[in-house]
$ cat upload.cif   # mmCIF, C-alpha atoms
data_data
#
loop_
_atom_site.label_atom_id
_atom_site.label_comp_id
_atom_site.auth_asym_id
_atom_site.auth_seq_id
_atom_site.Cartn_x
_atom_site.Cartn_y
_atom_site.Cartn_z
CA MET O 1 0.00 0.00 0.00
CA ILE O 2 1.24 3.45 -0.85
CA PRO O 3 1.45 5.61 2.31
CA PRO O 4 -0.45 8.93 2.21
CA THR O 5 1.46 12.21 2.33
CA ARG O 6 0.33 15.82 2.77
CA TRP O 7 0.36 16.59 -0.97
CA LEU O 8 -0.90 13.13 -1.94
CA PRO O 9 -3.54 12.31 0.71
CA MET O 10 -5.12 9.41 -1.20
CA PRO O 11 -2.42 7.94 -3.44
CA VAL O 12 -4.48 5.03 -4.74
CA LEU O 13 -7.32 7.39 -5.67
CA SER O 14 -4.83 9.71 -7.40
CA LEU O 15 -3.43 6.83 -9.41
CA LEU O 16 -6.94 5.71 -10.35
CA LEU O 17 -7.90 9.26 -11.39
CA LEU O 18 -4.83 9.52 -13.60
CA LEU O 19 -5.58 6.16 -15.21
CA VAL O 20 -9.23 7.07 -15.83
CA TRP O 21 -8.19 10.45 -17.26
CA LEU O 22 -5.82 8.81 -19.74
CA LEU O 23 -8.44 6.24 -20.73
CA LEU O 24 -11.10 8.91 -21.26
CA GLN O 25 -8.74 11.01 -23.36
CA GLN O 26 -7.66 7.96 -25.38
CA SER O 27 -4.18 9.45 -25.52
CA VAL O 28 -0.87 8.97 -23.77
CA ALA O 29 0.60 12.28 -24.95
CA LEU O 30 2.85 14.16 -22.52
CA GLY O 31 0.27 16.95 -22.13
CA GLN O 32 -2.41 14.44 -21.06
CA TRP O 33 -0.02 12.92 -18.49
CA ILE O 34 0.72 16.38 -17.06
CA LEU O 35 -2.93 17.53 -16.96
CA GLY O 36 -4.07 14.15 -15.61
CA GLY O 37 -1.33 14.24 -12.97
CA VAL O 38 -2.28 17.75 -11.85
CA LEU O 39 -5.96 16.73 -11.59
CA ALA O 40 -5.02 13.49 -9.82
CA ILE O 41 -3.21 15.53 -7.15
CA LEU O 42 -5.63 18.46 -6.84
CA ILE O 43 -8.95 16.59 -6.73
CA PRO O 44 -8.08 14.47 -3.65
CA MET O 45 -6.55 17.52 -1.93
CA ILE O 46 -9.76 19.52 -2.47
CA CYS O 47 -12.00 16.62 -1.43
CA ARG O 48 -9.89 15.65 1.62
CA PRO O 49 -12.00 17.58 4.21
CA PHE O 50 -15.13 15.70 3.15
CA TRP O 51 -13.66 12.21 3.61
CA GLU O 52 -13.99 10.39 6.90
CA ARG O 53 -10.99 8.84 8.57
CA GLN O 54 -10.13 5.53 6.96
CA PRO O 55 -10.82 2.59 9.30
CA THR O 56 -8.01 0.39 10.51
CA ILE O 57 -8.47 -3.29 9.74
CA LYS O 58 -7.14 -5.02 12.81
CA ARG O 59 -7.73 -8.62 11.66
CA PRO O 60 -7.44 -8.91 7.84
CA LEU O 61 -7.82 -12.71 7.78
CA LYS O 62 -11.10 -12.36 9.67
CA LEU O 63 -12.24 -9.94 6.96
CA LEU O 64 -11.57 -12.56 4.32
CA GLY O 65 -13.56 -15.11 6.35
CA TYR O 66 -16.37 -12.57 6.74
CA PHE O 67 -16.45 -12.05 2.96
CA PHE O 68 -16.86 -15.78 2.29
CA ARG O 69 -19.46 -16.14 5.07
CA VAL O 70 -21.56 -13.36 3.52
CA LEU O 71 -21.16 -14.87 0.06
CA GLY O 72 -22.38 -18.24 1.34
CA ASP O 73 -25.27 -16.62 3.21
CA ILE O 74 -26.37 -14.79 0.06
CA VAL O 75 -26.56 -18.08 -1.84
CA THR O 76 -28.41 -19.82 1.01
CA ALA O 77 -30.83 -16.91 1.46
CA ASN O 78 -31.58 -16.90 -2.29
CA VAL O 79 -32.72 -20.51 -2.03
CA GLN O 80 -34.81 -19.79 1.10
CA VAL O 81 -36.47 -16.73 -0.46
CA SER O 82 -37.19 -18.69 -3.65
CA LYS O 83 -38.94 -21.37 -1.60
CA LEU O 84 -40.96 -18.72 0.25
CA ILE O 85 -42.05 -17.01 -2.94
CA LEU O 86 -42.89 -20.23 -4.78
CA ASP O 87 -44.79 -21.73 -1.81
CA PRO O 88 -48.45 -21.84 -2.86
CA ARG O 89 -49.61 -21.48 0.75
CA GLY O 90 -47.78 -18.16 1.12
CA ARG O 91 -46.47 -18.60 4.67
CA MET O 92 -44.38 -15.44 4.82
CA ARG O 93 -44.25 -13.57 8.11
CA PRO O 94 -42.82 -10.14 7.23
CA ALA O 95 -41.76 -7.90 10.10
CA PHE O 96 -39.78 -4.83 11.01
CA VAL O 97 -37.14 -5.50 13.65
CA GLU O 98 -35.27 -2.95 15.76
CA TYR O 99 -31.69 -4.19 15.91
CA PRO O 100 -29.57 -2.76 18.78
CA LEU O 101 -26.06 -1.99 17.53
CA THR O 102 -22.89 -2.60 19.49
CA LEU O 103 -20.71 -1.20 16.67
CA LYS O 104 -19.64 2.41 17.24
CA GLU O 105 -17.79 3.51 14.08
CA ASN O 106 -19.64 4.58 10.93
CA PHE O 107 -17.76 2.38 8.46
CA PRO O 108 -18.44 -0.97 10.21
CA ILE O 109 -22.10 0.07 10.71
CA THR O 110 -22.30 0.76 6.98
CA ILE O 111 -20.80 -2.65 6.19
CA LEU O 112 -23.32 -4.33 8.52
CA ALA O 113 -26.26 -2.47 6.97
CA SER O 114 -25.01 -3.30 3.46
CA THR O 115 -24.52 -6.95 4.38
CA ILE O 116 -28.08 -7.16 5.70
CA THR O 117 -29.42 -5.51 2.55
CA MET O 118 -27.38 -7.75 0.22
CA THR O 119 -28.72 -10.88 1.90
CA PRO O 120 -32.03 -11.72 0.16
CA GLY O 121 -35.06 -11.50 2.42
CA THR O 122 -33.73 -8.66 4.58
CA VAL O 123 -33.33 -4.93 4.08
CA SER O 124 -31.76 -2.29 6.31
CA ALA O 125 -34.49 0.32 6.36
CA HIS O 126 -33.20 3.02 8.71
CA LEU O 127 -30.35 3.91 11.06
CA ARG O 128 -31.56 5.92 14.03
CA LEU O 129 -30.00 9.35 14.48
CA ASP O 130 -28.28 8.27 17.69
CA GLY O 131 -26.55 5.46 15.73
CA ARG O 132 -27.55 2.80 18.23
CA THR O 133 -30.41 1.08 16.43
CA LEU O 134 -30.85 -0.26 12.93
CA LEU O 135 -34.37 -0.84 11.60
CA ILE O 136 -34.48 -4.03 9.51
CA HIS O 137 -37.30 -5.40 7.40
CA ALA O 138 -37.27 -9.17 7.05
CA LEU O 139 -39.44 -11.23 4.72
CA ASP O 140 -39.97 -14.15 7.09
CA VAL O 141 -39.54 -13.73 10.85
CA ALA O 142 -40.67 -16.50 13.19
CA ASP O 143 -38.78 -15.17 16.22
CA THR O 144 -37.52 -11.59 16.47
CA LYS O 145 -35.00 -12.44 19.20
CA ALA O 146 -33.58 -15.30 17.12
CA LEU O 147 -33.10 -12.97 14.13
CA ILE O 148 -31.32 -10.39 16.31
CA ASP O 149 -29.06 -13.09 17.80
CA GLU O 150 -28.27 -14.51 14.35
CA ILE O 151 -27.30 -11.10 12.94
CA HIS O 152 -25.16 -10.40 15.98
CA GLN O 153 -23.35 -13.74 15.88
CA ARG O 154 -22.91 -14.05 12.10
CA TYR O 155 -22.21 -10.43 11.14
CA GLU O 156 -21.81 -7.88 13.90
CA ARG O 157 -19.45 -9.80 16.19
CA PRO O 158 -16.96 -10.53 13.37
CA LEU O 159 -17.11 -6.86 12.32
CA LEU O 160 -16.33 -5.87 15.91
CA GLU O 161 -13.29 -8.15 15.83
CA ILE O 162 -12.17 -6.88 12.40
CA PHE O 163 -12.49 -3.14 13.03
CA GLU O 164 -12.95 -2.37 16.72
CA SER O 165 -11.10 -5.06 18.69
#
$ encode --input "upload.cif" --output "structure tokens"
Amino acid sequence: MIPPTRWLPMPVLSLLLLLVWLLLQQSVALGQWILGGVLAILIPMICRPFWERQPTIKRPLKLLGYFFRVLGDIVTANVQVSKLILDPRGRMRPAFVEYPLTLKENFPITILASTITMTPGTVSAHLRLDGRTLLIHALDVADTKALIDEIHQRYERPLLEIFES
């Protein structure tokens, strides 16, 4: 990873901006490199005050495990939702659930909300202003407490270990 400096606060973004500039211009002329380089340095410097502090990943291998867990859960949930939708008796029990958050930082909360939304059958509907509760809509809820415990064990606890341990 390229370390940030004062004049290059987001080096990877700068490199990406330069690359995109050259691709959009369809030219590798010296003038395009210079203009693209100037833009690649100035744009991140101007935008720097609007960016939140980048989170520190304390356990990268856990993050990889989390990624594969979510991927597997998405596949499993697709099958479960398909069965619910195709069931002629229509035994869905939709519900809104207030999920109490133990995560404190914005980035891990965003990852949790996105994970819940990506998993078929659940949607993150609202984050309370105090940042302590996430409103979730689920397609089939037999037991609210069981859903809260499952989300905590499968998603929130690993995120706590990855980002806030």
$ closest_residue --input "upload.cif" --among "O:Phe96, O:Phe50, O:Tyr66, O:Trp33" --to "Leu160 (chain O)" --atoms "only C-alpha atoms"
O:Tyr66
$ atom_distance --input "upload.cif" --atom1 "CA of Asn106 (chain O)" --atom2 "CA of Gly131 (chain O)"
8.5 Å
$ closest_residue --input "upload.cif" --among "O:Thr133, O:Val20, O:Leu42, O:Leu13" --to "Leu103 (chain O)" --atoms "all atoms listed in the file"
O:Thr133
$ closest_residue --input "upload.cif" --among "O:Arg154, O:Pro9, O:Leu23, O:Leu84" --to "Cys47 (chain O)" --atoms "all atoms listed in the file"
O:Pro9
$ residues_around --input "upload.cif" --residues "Arg6 (chain O)" --least-positions-apart "5" --cutoff "12 Å" --atoms "all atoms listed in the file" --output "PyMOL selection string"
chain O and resi 11+41-42+44-46+48
$ resolve_selection --input "upload.cif" --expression "the PyMOL selection byres ((chain O and resi 158) around 12)" --output "JSON, numbers by chain"
{"O": [57, 58, 59, 60, 61, 62, 63, 64, 65, 66, 67, 69, 70, 102, 103, 108, 111, 112, 151, 152, 153, 154, 155, 156, 157, 159, 160, 161, 162, 163, 164, 165]}
$ build_atoms --input "upload.cif" --residues "region 62-73 of chain O" --atoms "all heavy atoms" --output "CSV table (one decimal), in the coordinates of the input"
chain,number,residue,atom,x,y,z
O,62,LYS,N,-9.7,-12.3,9.3
O,62,LYS,CA,-11.1,-12.4,9.7
O,62,LYS,C,-12.0,-11.7,8.6
O,62,LYS,O,-13.1,-12.2,8.4
O,62,LYS,CB,-11.3,-11.6,11.0
O,62,LYS,CG,-11.2,-12.5,12.2
O,62,LYS,CD,-12.5,-13.1,12.5
O,62,LYS,CE,-12.5,-13.6,14.0
O,62,LYS,NZ,-13.3,-14.7,14.1
O,63,LEU,N,-11.5,-10.6,8.0
O,63,LEU,CA,-12.2,-9.9,7.0
O,63,LEU,C,-12.5,-10.9,5.8
O,63,LEU,O,-13.5,-10.9,5.2
O,63,LEU,CB,-11.5,-8.7,6.5
O,63,LEU,CG,-12.2,-7.8,5.5
O,63,LEU,CD1,-13.6,-7.3,5.9
O,63,LEU,CD2,-11.3,-6.6,5.1
O,64,LEU,N,-11.4,-11.6,5.4
O,64,LEU,CA,-11.6,-12.6,4.3
O,64,LEU,C,-12.6,-13.6,4.7
O,64,LEU,O,-13.5,-14.0,3.8
O,64,LEU,CB,-10.2,-13.2,4.0
O,64,LEU,CG,-10.1,-14.1,2.8
O,64,LEU,CD1,-10.4,-13.2,1.5
O,64,LEU,CD2,-8.7,-14.7,2.7
O,65,GLY,N,-12.6,-14.1,5.9
O,65,GLY,CA,-13.6,-15.1,6.4
O,65,GLY,C,-15.0,-14.5,6.3
O,65,GLY,O,-15.9,-15.2,6.0
O,66,TYR,N,-15.1,-13.3,6.7
O,66,TYR,CA,-16.4,-12.6,6.7
O,66,TYR,C,-16.9,-12.5,5.3
O,66,TYR,O,-18.1,-12.7,5.1
O,66,TYR,CB,-16.2,-11.2,7.3
O,66,TYR,CG,-17.5,-10.4,7.4
O,66,TYR,CD1,-18.4,-10.6,8.4
O,66,TYR,CD2,-17.8,-9.4,6.5
O,66,TYR,CE1,-19.6,-9.9,8.5
O,66,TYR,CE2,-19.0,-8.7,6.5
O,66,TYR,CZ,-19.8,-8.9,7.5
O,66,TYR,OH,-21.0,-8.2,7.6
O,67,PHE,N,-16.0,-12.1,4.4
O,67,PHE,CA,-16.4,-12.0,3.0
O,67,PHE,C,-17.0,-13.4,2.5
O,67,PHE,O,-18.1,-13.4,1.9
O,67,PHE,CB,-15.2,-11.6,2.1
O,67,PHE,CG,-15.5,-11.7,0.6
O,67,PHE,CD1,-16.2,-10.7,0.0
O,67,PHE,CD2,-15.1,-12.8,-0.1
O,67,PHE,CE1,-16.5,-10.7,-1.4
O,67,PHE,CE2,-15.3,-12.8,-1.5
O,67,PHE,CZ,-16.0,-11.8,-2.1
O,68,PHE,N,-16.4,-14.5,2.7
O,68,PHE,CA,-16.9,-15.8,2.3
O,68,PHE,C,-18.1,-16.2,3.0
O,68,PHE,O,-19.0,-16.9,2.5
O,68,PHE,CB,-15.8,-16.8,2.4
O,68,PHE,CG,-14.7,-16.7,1.3
O,68,PHE,CD1,-13.4,-16.3,1.6
O,68,PHE,CD2,-15.1,-16.8,0.0
O,68,PHE,CE1,-12.5,-16.2,0.6
O,68,PHE,CE2,-14.1,-16.6,-1.0
O,68,PHE,CZ,-12.8,-16.3,-0.7
O,69,ARG,N,-18.2,-15.8,4.3
O,69,ARG,CA,-19.5,-16.1,5.1
O,69,ARG,C,-20.6,-15.4,4.4
O,69,ARG,O,-21.7,-16.0,4.2
O,69,ARG,CB,-19.3,-15.7,6.5
O,69,ARG,CG,-20.6,-15.8,7.3
O,69,ARG,CD,-20.5,-15.4,8.7
O,69,ARG,NE,-19.8,-16.5,9.4
O,69,ARG,CZ,-19.4,-16.5,10.6
O,69,ARG,NH1,-19.5,-15.4,11.3
O,69,ARG,NH2,-18.8,-17.5,11.1
O,70,VAL,N,-20.5,-14.1,4.1
O,70,VAL,CA,-21.6,-13.4,3.5
O,70,VAL,C,-21.9,-13.9,2.2
O,70,VAL,O,-23.1,-14.1,1.8
O,70,VAL,CB,-21.2,-11.9,3.4
O,70,VAL,CG1,-22.2,-11.1,2.6
O,70,VAL,CG2,-21.1,-11.3,4.8
O,71,LEU,N,-20.9,-14.3,1.4
O,71,LEU,CA,-21.2,-14.9,0.1
O,71,LEU,C,-22.0,-16.1,0.2
O,71,LEU,O,-23.0,-16.3,-0.6
O,71,LEU,CB,-19.8,-15.2,-0.6
O,71,LEU,CG,-19.8,-15.2,-2.1
O,71,LEU,CD1,-20.2,-13.9,-2.7
O,71,LEU,CD2,-18.4,-15.5,-2.6
O,72,GLY,N,-21.6,-17.0,1.1
O,72,GLY,CA,-22.4,-18.2,1.3
O,72,GLY,C,-23.8,-18.0,1.8
O,72,GLY,O,-24.8,-18.6,1.4
O,73,ASP,N,-23.9,-17.0,2.7
O,73,ASP,CA,-25.3,-16.6,3.2
O,73,ASP,C,-26.2,-16.1,2.1
O,73,ASP,O,-27.4,-16.3,2.1
O,73,ASP,CB,-25.1,-15.6,4.4
O,73,ASP,CG,-24.6,-16.3,5.6
O,73,ASP,OD1,-24.5,-17.5,5.7
O,73,ASP,OD2,-24.4,-15.5,6.6
